[in-house]
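**Student:** One file: structure-v1.pdb (PDB, C-alpha atoms, pLDDT in the B column).
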ATOM      1  CA  MET A  65      96.517  95.133 124.954  1.00 82.00           C
ATOM      2  CA  ILE A  66      96.716  91.359 124.364  1.00 88.00           C
ATOM      3  CA  ALA A  67      95.917  91.841 120.654  1.00 86.00           C
ATOM      4  CA  ALA A  68      98.679  94.463 120.373  1.00 87.00           C
ATOM      5  CA  LEU A  69     101.196  92.127 122.018  1.00 91.00           C
ATOM      6  CA  ASN A  70     100.086  89.268 119.763  1.00 92.00           C
ATOM      7  CA  VAL A  71     100.573  91.403 116.666  1.00 94.00           C
ATOM      8  CA  PHE A  72     104.016  92.495 117.952  1.00 95.00           C
ATOM      9  CA  TRP A  73     105.080  88.890 118.515  1.00 94.00           C
ATOM     10  CA  MET A  74     103.748  87.758 115.128  1.00 92.00           C
ATOM     11  CA  PHE A  75     105.641  90.511 113.277  1.00 93.00           C
ATOM     12  CA  PHE A  76     108.766  89.969 115.375  1.00 94.00           C
ATOM     13  CA  LYS A  77     108.829  86.299 114.330  1.00 91.00           C
ATOM     14  CA  ILE A  78     108.156  87.201 110.702  1.00 89.00           C
ATOM     15  CA  GLY A  79     110.850  89.881 110.769  1.00 87.00           C
ATOM     16  CA  LEU A  80     113.290  87.425 112.306  1.00 86.00           C
ATOM     17  CA  CYS A  81     112.624  84.640 109.808  1.00 81.00           C
ATOM     18  CA  THR A  82     112.197  86.582 106.567  1.00 74.00           C
ATOM     19  CA  PHE A  83     115.072  86.910 104.170  1.00 70.00           C
ATOM     20  CA  GLY A  84     114.660  88.742 100.892  1.00 67.00           C
ATOM     21  CA  GLY A  85     112.917  91.923 101.934  1.00 71.00           C
ATOM     22  CA  GLY A  86     109.330  92.985 102.322  1.00 73.00           C
ATOM     23  CA  TYR A  87     107.952  91.127  99.319  1.00 75.00           C
ATOM     24  CA  ALA A  88     109.251  87.850 100.710  1.00 75.00           C
ATOM     25  CA  MET A  89     107.251  88.486 103.867  1.00 82.00           C
ATOM     26  CA  VAL A  90     103.893  89.115 102.161  1.00 82.00           C
ATOM     27  CA  GLU A  91     103.042  85.420 101.968  1.00 82.00           C
ATOM     28  CA  LEU A  92     104.042  84.860 105.600  1.00 85.00           C
ATOM     29  CA  VAL A  93     101.965  87.835 106.756  1.00 87.00           C
ATOM     30  CA  ALA A  94      98.974  86.638 104.723  1.00 87.00           C
ATOM     31  CA  ASP A  95      99.252  83.114 106.114  1.00 88.00           C
ATOM     32  CA  GLN A  96      99.511  84.290 109.728  1.00 90.00           C
ATOM     33  CA  VAL A  97      96.849  86.989 109.545  1.00 90.00           C
ATOM     34  CA  ILE A  98      94.349  84.677 107.842  1.00 90.00           C
ATOM     35  CA  SER A  99      95.042  81.800 110.239  1.00 91.00           C
ATOM     36  CA  MET A 100      94.514  84.159 113.194  1.00 90.00           C
ATOM     37  CA  GLY A 101      91.174  85.215 111.704  1.00 91.00           C
ATOM     38  CA  TRP A 102      92.208  88.869 111.654  1.00 91.00           C
ATOM     39  CA  MET A 103      91.657  89.442 107.924  1.00 89.00           C
ATOM     40  CA  GLU A 104      90.721  87.782 104.669  1.00 88.00           C
ATOM     41  CA  MET A 105      92.941  87.539 101.598  1.00 85.00           C
ATOM     42  CA  ARG A 106      91.034  90.322  99.811  1.00 85.00           C
ATOM     43  CA  GLU A 107      91.857  92.751 102.655  1.00 88.00           C
ATOM     44  CA  ILE A 108      95.492  91.705 102.601  1.00 85.00           C
ATOM     45  CA  ILE A 109      95.691  92.406  98.875  1.00 84.00           C
ATOM     46  CA  ASP A 110      94.243  95.854  99.534  1.00 85.00           C
ATOM     47  CA  PHE A 111      96.856  96.406 102.237  1.00 82.00           C
ATOM     48  CA  VAL A 112      99.607  95.341  99.833  1.00 82.00           C
ATOM     49  CA  ALA A 113      98.300  97.852  97.281  1.00 82.00           C
ATOM     50  CA  ILE A 114      98.168 100.599  99.913  1.00 83.00           C
ATOM     51  CA  SER A 115     101.614  99.650 101.228  1.00 80.00           C
ATOM     52  CA  GLU A 116     103.036  99.865  97.725  1.00 77.00           C
ATOM     53  CA  SER A 117     101.349 103.207  97.104  1.00 77.00           C
ATOM     54  CA  THR A 118     102.625 104.947 100.225  1.00 80.00           C
ATOM     55  CA  PRO A 119     106.177 106.049 101.021  1.00 81.00           C
ATOM     56  CA  GLY A 120     108.371 103.658 102.939  1.00 81.00           C
ATOM     57  CA  PRO A 121     109.285  99.981 102.860  1.00 84.00           C
ATOM     58  CA  ILE A 122     106.419  97.588 102.185  1.00 83.00           C
ATOM     59  CA  ALA A 123     107.252  95.464 105.246  1.00 84.00           C
ATOM     60  CA  ILE A 124     106.947  98.395 107.626  1.00 89.00           C
ATOM     61  CA  ASN A 125     103.838  99.745 105.925  1.00 89.00           C
ATOM     62  CA  MET A 126     102.129  96.350 106.012  1.00 88.00           C
ATOM     63  CA  ALA A 127     103.007  95.823 109.654  1.00 91.00           C
ATOM     64  CA  THR A 128     101.665  99.260 110.527  1.00 92.00           C
ATOM     65  CA  TYR A 129      98.415  98.745 108.621  1.00 90.00           C
ATOM     66  CA  VAL A 130      97.811  95.245 109.950  1.00 91.00           C
ATOM     67  CA  GLY A 131      98.691  96.305 113.490  1.00 93.00           C
ATOM     68  CA  PHE A 132      96.280  99.240 113.265  1.00 94.00           C
ATOM     69  CA  ARG A 133      93.522  97.036 111.844  1.00 91.00           C
ATOM     70  CA  VAL A 134      93.968  94.448 114.570  1.00 91.00           C
ATOM     71  CA  ALA A 135      94.701  96.583 117.655  1.00 93.00           C
ATOM     72  CA  GLY A 136      94.430 100.281 116.803  1.00 94.00           C
ATOM     73  CA  PRO A 137      97.260 102.805 117.247  1.00 95.00           C
ATOM     74  CA  LEU A 138      99.081 100.728 119.874  1.00 95.00           C
ATOM     75  CA  GLY A 139      98.916  97.702 117.580  1.00 94.00           C
ATOM     76  CA  ALA A 140     100.302  99.792 114.704  1.00 94.00           C
ATOM     77  CA  CYS A 141     103.256 100.940 116.833  1.00 95.00           C
ATOM     78  CA  LEU A 142     103.996  97.485 118.232  1.00 96.00           C
ATOM     79  CA  ALA A 143     103.648  95.718 114.867  1.00 94.00           C
ATOM     80  CA  THR A 144     106.033  98.221 113.301  1.00 94.00           C
ATOM     81  CA  LEU A 145     108.496  97.768 116.158  1.00 95.00           C
ATOM     82  CA  GLY A 146     108.119  94.000 115.900  1.00 94.00           C
ATOM     83  CA  VAL A 147     108.966  93.856 112.205  1.00 92.00           C
ATOM     84  CA  VAL A 148     111.899  96.299 112.489  1.00 91.00           C
ATOM     85  CA  LEU A 149     113.537  95.070 115.699  1.00 93.00           C
ATOM     86  CA  PRO A 150     114.944  91.742 114.398  1.00 90.00           C
ATOM     87  CA  SER A 151     116.548  93.417 111.374  1.00 86.00           C
ATOM     88  CA  PHE A 152     117.976  96.156 113.572  1.00 89.00           C
ATOM     89  CA  ILE A 153     119.520  93.628 115.951  1.00 90.00           C
ATOM     90  CA  ILE A 154     120.884  91.475 113.123  1.00 84.00           C
ATOM     91  CA  ILE A 155     122.344  94.458 111.258  1.00 82.00           C
ATOM     92  CA  MET A 156     124.029  95.690 114.426  1.00 86.00           C
ATOM     93  CA  LEU A 157     125.608  92.261 114.939  1.00 82.00           C
ATOM     94  CA  VAL A 158     126.613  91.939 111.295  1.00 76.00           C
ATOM     95  CA  ALA A 159     128.119  95.426 111.306  1.00 79.00           C
ATOM     96  CA  LYS A 160     130.155  94.584 114.368  1.00 79.00           C
ATOM     97  CA  TYR A 161     131.382  91.224 113.077  1.00 77.00           C
ATOM     98  CA  TYR A 162     131.249  91.823 109.303  1.00 70.00           C
ATOM     99  CA  ALA A 163     134.790  90.709 108.527  1.00 72.00           C
ATOM    100  CA  LYS A 164     134.365  87.451 110.436  1.00 73.00           C
ATOM    101  CA  PHE A 165     130.931  86.726 108.958  1.00 72.00           C
ATOM    102  CA  ILE A 166     131.898  87.317 105.344  1.00 71.00           C
ATOM    103  CA  ALA A 167     135.034  85.180 105.532  1.00 76.00           C
ATOM    104  CA  ASN A 168     133.228  82.233 107.132  1.00 80.00           C
ATOM    105  CA  ARG A 169     132.468  79.585 104.498  1.00 84.00           C
ATOM    106  CA  PHE A 170     129.439  78.312 106.428  1.00 85.00           C
ATOM    107  CA  VAL A 171     127.882  81.776 106.534  1.00 79.00           C
ATOM    108  CA  ALA A 172     128.657  82.279 102.833  1.00 80.00           C
ATOM    109  CA  GLY A 173     127.087  78.896 102.063  1.00 85.00           C
ATOM    110  CA  ALA A 174     124.015  79.713 104.110  1.00 82.00           C
ATOM    111  CA  MET A 175     123.604  83.003 102.240  1.00 79.00           C
ATOM    112  CA  ARG A 176     123.858  81.193  98.898  1.00 84.00           C
ATOM    113  CA  GLY A 177     121.123  78.837 100.078  1.00 86.00           C
ATOM    114  CA  LEU A 178     118.894  81.662 101.339  1.00 82.00           C
ATOM    115  CA  ARG A 179     118.867  83.525  98.012  1.00 83.00           C
ATOM    116  CA  PRO A 180     116.686  80.949  96.197  1.00 88.00           C
ATOM    117  CA  ALA A 181     114.455  80.694  99.270  1.00 84.00           C
ATOM    118  CA  ALA A 182     113.893  84.446  99.208  1.00 81.00           C
ATOM    119  CA  ALA A 183     113.042  84.267  95.490  1.00 85.00           C
ATOM    120  CA  ALA A 184     110.589  81.442  96.200  1.00 86.00           C
ATOM    121  CA  LEU A 185     108.874  83.434  98.961  1.00 81.00           C
ATOM    122  CA  ILE A 186     108.507  86.438  96.660  1.00 82.00           C
ATOM    123  CA  ALA A 187     107.138  84.209  93.875  1.00 86.00           C
ATOM    124  CA  ALA A 188     104.691  82.540  96.292  1.00 83.00           C
ATOM    125  CA  ALA A 189     103.370  85.937  97.356  1.00 80.00           C
ATOM    126  CA  GLY A 190     102.937  86.927  93.705  1.00 82.00           C
ATOM    127  CA  VAL A 191     101.076  83.711  92.889  1.00 85.00           C
ATOM    128  CA  SER A 192      98.768  84.073  95.914  1.00 82.00           C
ATOM    129  CA  ILE A 193      97.926  87.668  95.091  1.00 80.00           C
ATOM    130  CA  ALA A 194      97.436  86.905  91.381  1.00 83.00           C
ATOM    131  CA  ALA A 195      95.154  83.965  92.193  1.00 82.00           C
ATOM    132  CA  GLU A 196      92.998  86.123  94.459  1.00 79.00           C
ATOM    133  CA  VAL A 197      92.882  89.015  91.977  1.00 79.00           C
ATOM    134  CA  PHE A 198      92.141  86.985  88.846  1.00 79.00           C
ATOM    135  CA  PHE A 199      90.233  84.048  90.344  1.00 80.00           C
ATOM    136  CA  PRO A 200      88.547  85.387  93.515  1.00 76.00           C
ATOM    137  CA  ASN A 201      85.958  82.608  93.728  1.00 76.00           C
ATOM    138  CA  ALA A 202      87.560  79.667  91.953  1.00 73.00           C
ATOM    139  CA  LEU A 203      89.963  78.842  89.149  1.00 74.00           C
ATOM    140  CA  SER A 204      87.875  79.141  85.985  1.00 76.00           C
ATOM    141  CA  VAL A 205      87.978  80.513  82.475  1.00 76.00           C
ATOM    142  CA  SER A 206      84.737  82.394  83.124  1.00 75.00           C
ATOM    143  CA  ALA A 207      86.537  84.485  85.755  1.00 72.00           C
ATOM    144  CA  LEU A 208      88.928  85.710  83.068  1.00 74.00           C
ATOM    145  CA  ILE A 209      86.367  86.348  80.333  1.00 80.00           C
ATOM    146  CA  SER A 210      83.936  88.214  82.569  1.00 81.00           C
ATOM    147  CA  PHE A 211      83.838  92.019  82.460  1.00 82.00           C
ATOM    148  CA  ASP A 212      85.870  92.214  85.691  1.00 80.00           C
ATOM    149  CA  GLY A 213      88.366  89.639  84.420  1.00 82.00           C
ATOM    150  CA  ILE A 214      88.925  91.510  81.161  1.00 84.00           C
ATOM    151  CA  CYS A 215      89.370  94.761  83.104  1.00 84.00           C
ATOM    152  CA  ARG A 216      91.922  93.140  85.388  1.00 84.00           C
ATOM    153  CA  LEU A 217      93.839  91.625  82.482  1.00 85.00           C
ATOM    154  CA  ALA A 218      93.844  94.945  80.612  1.00 88.00           C
ATOM    155  CA  THR A 219      95.135  96.753  83.692  1.00 86.00           C
ATOM    156  CA  LEU A 220      97.817  94.102  84.181  1.00 86.00           C
ATOM    157  CA  ALA A 221      98.839  94.405  80.514  1.00 89.00           C
ATOM    158  CA  LEU A 222      99.124  98.193  80.818  1.00 89.00           C
ATOM    159  CA  CYS A 223     101.194  97.931  84.003  1.00 86.00           C
ATOM    160  CA  VAL A 224     103.538  95.332  82.482  1.00 88.00           C
ATOM    161  CA  PHE A 225     103.903  97.504  79.358  1.00 91.00           C
ATOM    162  CA  LEU A 226     104.743 100.562  81.470  1.00 90.00           C
ATOM    163  CA  ALA A 227     107.185  98.570  83.599  1.00 89.00           C
ATOM    164  CA  VAL A 228     108.948  97.232  80.488  1.00 91.00           C
ATOM    165  CA  LYS A 229     109.160 100.810  79.196  1.00 91.00           C
ATOM    166  CA  LYS A 230     110.818 101.722  82.517  1.00 91.00           C
ATOM    167  CA  ALA A 231     108.034 104.066  83.607  1.00 89.00           C
ATOM    168  CA  LYS A 232     108.385 105.533  87.072  1.00 90.00           C
ATOM    169  CA  PRO A 233     106.520 103.518  89.726  1.00 85.00           C
ATOM    170  CA  TYR A 234     104.197 106.424  90.516  1.00 85.00           C
ATOM    171  CA  MET A 235     103.193 106.537  86.837  1.00 88.00           C
ATOM    172  CA  ILE A 236     102.292 102.843  86.931  1.00 87.00           C
ATOM    173  CA  LEU A 237     100.261 103.374  90.112  1.00 84.00           C
ATOM    174  CA  LEU A 238      98.475 106.400  88.669  1.00 88.00           C
ATOM    175  CA  ALA A 239      97.737 104.567  85.408  1.00 88.00           C
ATOM    176  CA  SER A 240      96.357 101.532  87.224  1.00 86.00           C
ATOM    177  CA  ALA A 241      94.243 103.725  89.519  1.00 87.00           C
ATOM    178  CA  ALA A 242      92.884 105.607  86.470  1.00 90.00           C
ATOM    179  CA  MET A 243      92.130 102.317  84.715  1.00 86.00           C
ATOM    180  CA  GLY A 244      90.344 101.005  87.815  1.00 85.00           C
ATOM    181  CA  LEU A 245      88.305 104.180  88.083  1.00 89.00           C
ATOM    182  CA  GLY A 246      87.454 104.005  84.397  1.00 87.00           C
ATOM    183  CA  TRP A 247      86.448 100.354  84.586  1.00 84.00           C
ATOM    184  CA  GLY A 248      84.345 101.075  87.654  1.00 85.00           C
ATOM    185  CA  CYS A 249      82.493 103.896  85.899  1.00 87.00           C
ATOM    186  CA  LEU A 250      82.017 101.806  82.753  1.00 84.00           C
ATOM    187  CA  GLY A 251      80.792  98.860  84.817  1.00 79.00           C
ATOM    188  CA  ALA A 252      78.259 101.099  86.570  1.00 82.00           C
ATOM    189  CA  LEU A 253      76.969 102.331  83.199  1.00 83.00           C
ATOM    190  CA  ILE A 254      76.643  98.803  81.842  1.00 80.00           C
ATOM    191  CA  ALA A 255      74.876  97.475  84.958  1.00 69.00           C
TER
END
What do you get writing this file as structure tokens?
**Tutor:**
Amino acid sequence: MIAALNVFWMFFKIGLCTFGGGYAMVELVADQVISMGWMEMREIIDFVAISESTPGPIAINMATYVGFRVAGPLGACLATLGVVLPSFIIIMLVAKYYAKFIANRFVAGAMRGLRPAAAALIAAAGVSIAAEVFFPNALSVSALISFDGICRLATLALCVFLAVKKAKPYMILLASAAMGLGWGCLGALIA
């Protein structure tokens, strides 16, 4: 029960302090979960991949998965509630006082200042995930020119190509899963 309450409180604080959507919260979740000793970065990356591959917002999916991993079904429910509750409360307040909020120059100034912060949080999450994916042990050229490194770079190149061509997200996910399966089979044959 204590673990479930801890995961609720952690996600409530993250939900309260995160501007910019679910991607902006990935770095905060990773930092908190790792510092609590609940997971390692590799597991978090897997959870991000699963969260992206399943229906629903990434923030809610991540909270549910982390909560379940840490404290079972109760943890999943409380983590999900924790991440959603601050936004719900804030949206209710904003909806009630929208005209006053939007006309206030201090609020408008704060929002202008929060936009770059949200972009920075999203970029930080991307850099952390990329570093773990491409350099899992240490920053080195050998990590990129190894069989795994070449496979990862090829998969990244395919996904970027598909994204530039405006492929549907499910097509990008299916292509990357097929590439991963193919690389895994090829790697098993080579080994």
**Student:** Evaluate the PyMOL selection byres ((chain A and resi 115) around 12) against this structure - the residues, as a list in words, please.
**Tutor:** Gly86, Tyr87, Val90, Ile108, Ile109, Asp110, Phe111, Val112, Ala113, Ile114, Glu116, Ser117, Thr118, Pro119, Gly120, Pro121, Ile122, Ala123, Ile124, Asn125, Met126, Ala127, Thr128, Tyr129, Val130 and Leu237 of chain A
**Student:** Quick one: write out the picked residues with C-alpha atoms as a compact mmCIF listing (two decimals), in the frame of the given file?
**Tutor:**
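Result file is selection_24.txt:
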# COMPACT_ATOMS: atom_id res chain seq x y z
CA GLY A 86 109.33 92.98 102.32
CA TYR A 87 107.95 91.13 99.32
CA VAL A 90 103.89 89.12 102.16
CA ILE A 108 95.49 91.70 102.60
CA ILE A 109 95.69 92.41 98.88
CA ASP A 110 94.24 95.85 99.53
CA PHE A 111 96.86 96.41 102.24
CA VAL A 112 99.61 95.34 99.83
CA ALA A 113 98.30 97.85 97.28
CA ILE A 114 98.17 100.60 99.91
CA GLU A 116 103.04 99.86 97.72
CA SER A 117 101.35 103.21 97.10
CA THR A 118 102.62 104.95 100.22
CA PRO A 119 106.18 106.05 101.02
CA GLY A 120 108.37 103.66 102.94
CA PRO A 121 109.28 99.98 102.86
CA ILE A 122 106.42 97.59 102.18
CA ALA A 123 107.25 95.46 105.25
CA ILE A 124 106.95 98.40 107.63
CA ASN A 125 103.84 99.74 105.92
CA MET A 126 102.13 96.35 106.01
CA ALA A 127 103.01 95.82 109.65
CA THR A 128 101.66 99.26 110.53
CA TYR A 129 98.42 98.74 108.62
CA VAL A 130 97.81 95.24 109.95
CA LEU A 237 100.26 103.37 90.11
**Student:** Quick check, in Å to one decimal: how far apart do atom CA of A:Thr144 and atom CA of A:Met74 lie?
**Tutor:**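 Distance between the two atoms: 10.9 Å.
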**Student:** Can you list what the PyMOL selection byres ((chain A and resi 191-193) around 9) grabs from this structure, as a PyMOL selection string?
**Tutor:** chain A and resi 91+105-106+108-109+186-190+194-198
**Student:** Could you please determine the separation between atom CA of A:Leu138 and atom CA of A:Gly85 in Å, to one decimal place?
**Tutor:**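 About the pair atom CA of A:Leu138 and atom CA of A:Gly85: they are 24.3 Å apart.
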**Student:** Step by step, work through what the PyMOL selection byres ((chain A and resi 140) around 12) selects in the shown file, and finish by giving those residues as number ranges by chain.
**Tutor:** A: 65, 67-72, 75, 124-139, 141-147
**Student:** Output C-alpha atoms of each residue in that selection to a file, as a CSV table (one decimal), keeping the file's coordinate frame.
**Tutor:**
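To be explicit, this is the file written out as again-v5.csv:
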chain,number,residue,atom,x,y,z
A,65,MET,CA,96.5,95.1,125.0
A,67,ALA,CA,95.9,91.8,120.7
A,68,ALA,CA,98.7,94.5,120.4
A,69,LEU,CA,101.2,92.1,122.0
A,70,ASN,CA,100.1,89.3,119.8
A,71,VAL,CA,100.6,91.4,116.7
A,72,PHE,CA,104.0,92.5,118.0
A,75,PHE,CA,105.6,90.5,113.3
A,124,ILE,CA,106.9,98.4,107.6
A,125,ASN,CA,103.8,99.7,105.9
A,126,MET,CA,102.1,96.4,106.0
A,127,ALA,CA,103.0,95.8,109.7
A,128,THR,CA,101.7,99.3,110.5
A,129,TYR,CA,98.4,98.7,108.6
A,130,VAL,CA,97.8,95.2,110.0
A,131,GLY,CA,98.7,96.3,113.5
A,132,PHE,CA,96.3,99.2,113.3
A,133,ARG,CA,93.5,97.0,111.8
A,134,VAL,CA,94.0,94.4,114.6
A,135,ALA,CA,94.7,96.6,117.7
A,136,GLY,CA,94.4,100.3,116.8
A,137,PRO,CA,97.3,102.8,117.2
A,138,LEU,CA,99.1,100.7,119.9
A,139,GLY,CA,98.9,97.7,117.6
A,141,CYS,CA,103.3,100.9,116.8
A,142,LEU,CA,104.0,97.5,118.2
A,143,ALA,CA,103.6,95.7,114.9
A,144,THR,CA,106.0,98.2,113.3
A,145,LEU,CA,108.5,97.8,116.2
A,146,GLY,CA,108.1,94.0,115.9
A,147,VAL,CA,109.0,93.9,112.2
**Student:** Just the number, please: distance in Å from atom CA of A:Val148 to atom CA of A:Gly79, one decimal.
**Tutor:** 6.7 Å
**Student:** Looking at all atoms listed in the file, which of A:Ala241, A:Ala159, A:Leu178, A:Leu92 is the one that sits closest to A:Arg216?
**Tutor:**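 The shortest atom-to-atom distance to A:Arg216 comes from A:Ala241.
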**Student:** With only C-alpha atoms as the basis for distance, which of A:Cys215, A:Ala242, A:Ile254, A:Ala88 is at the shortest distance from A:Arg179?
**Tutor:**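 Smallest separation from A:Arg179 among the options: A:Ala88.
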**Student:** Nearest residue to A:Met175 out of A:Ile154, A:Trp102, A:Phe83, A:Asp95, using all atoms listed in the file?
**Tutor:**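 Closest candidate: A:Phe83.
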**Student:** Kindly indicate which residue among A:Ser210, A:Phe152, A:Leu203, A:Gly244 lies nearest to A:Leu222, using all atoms listed in the file for the distances.
**Tutor:**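 For A:Leu222, the nearest of the candidates is A:Gly244.
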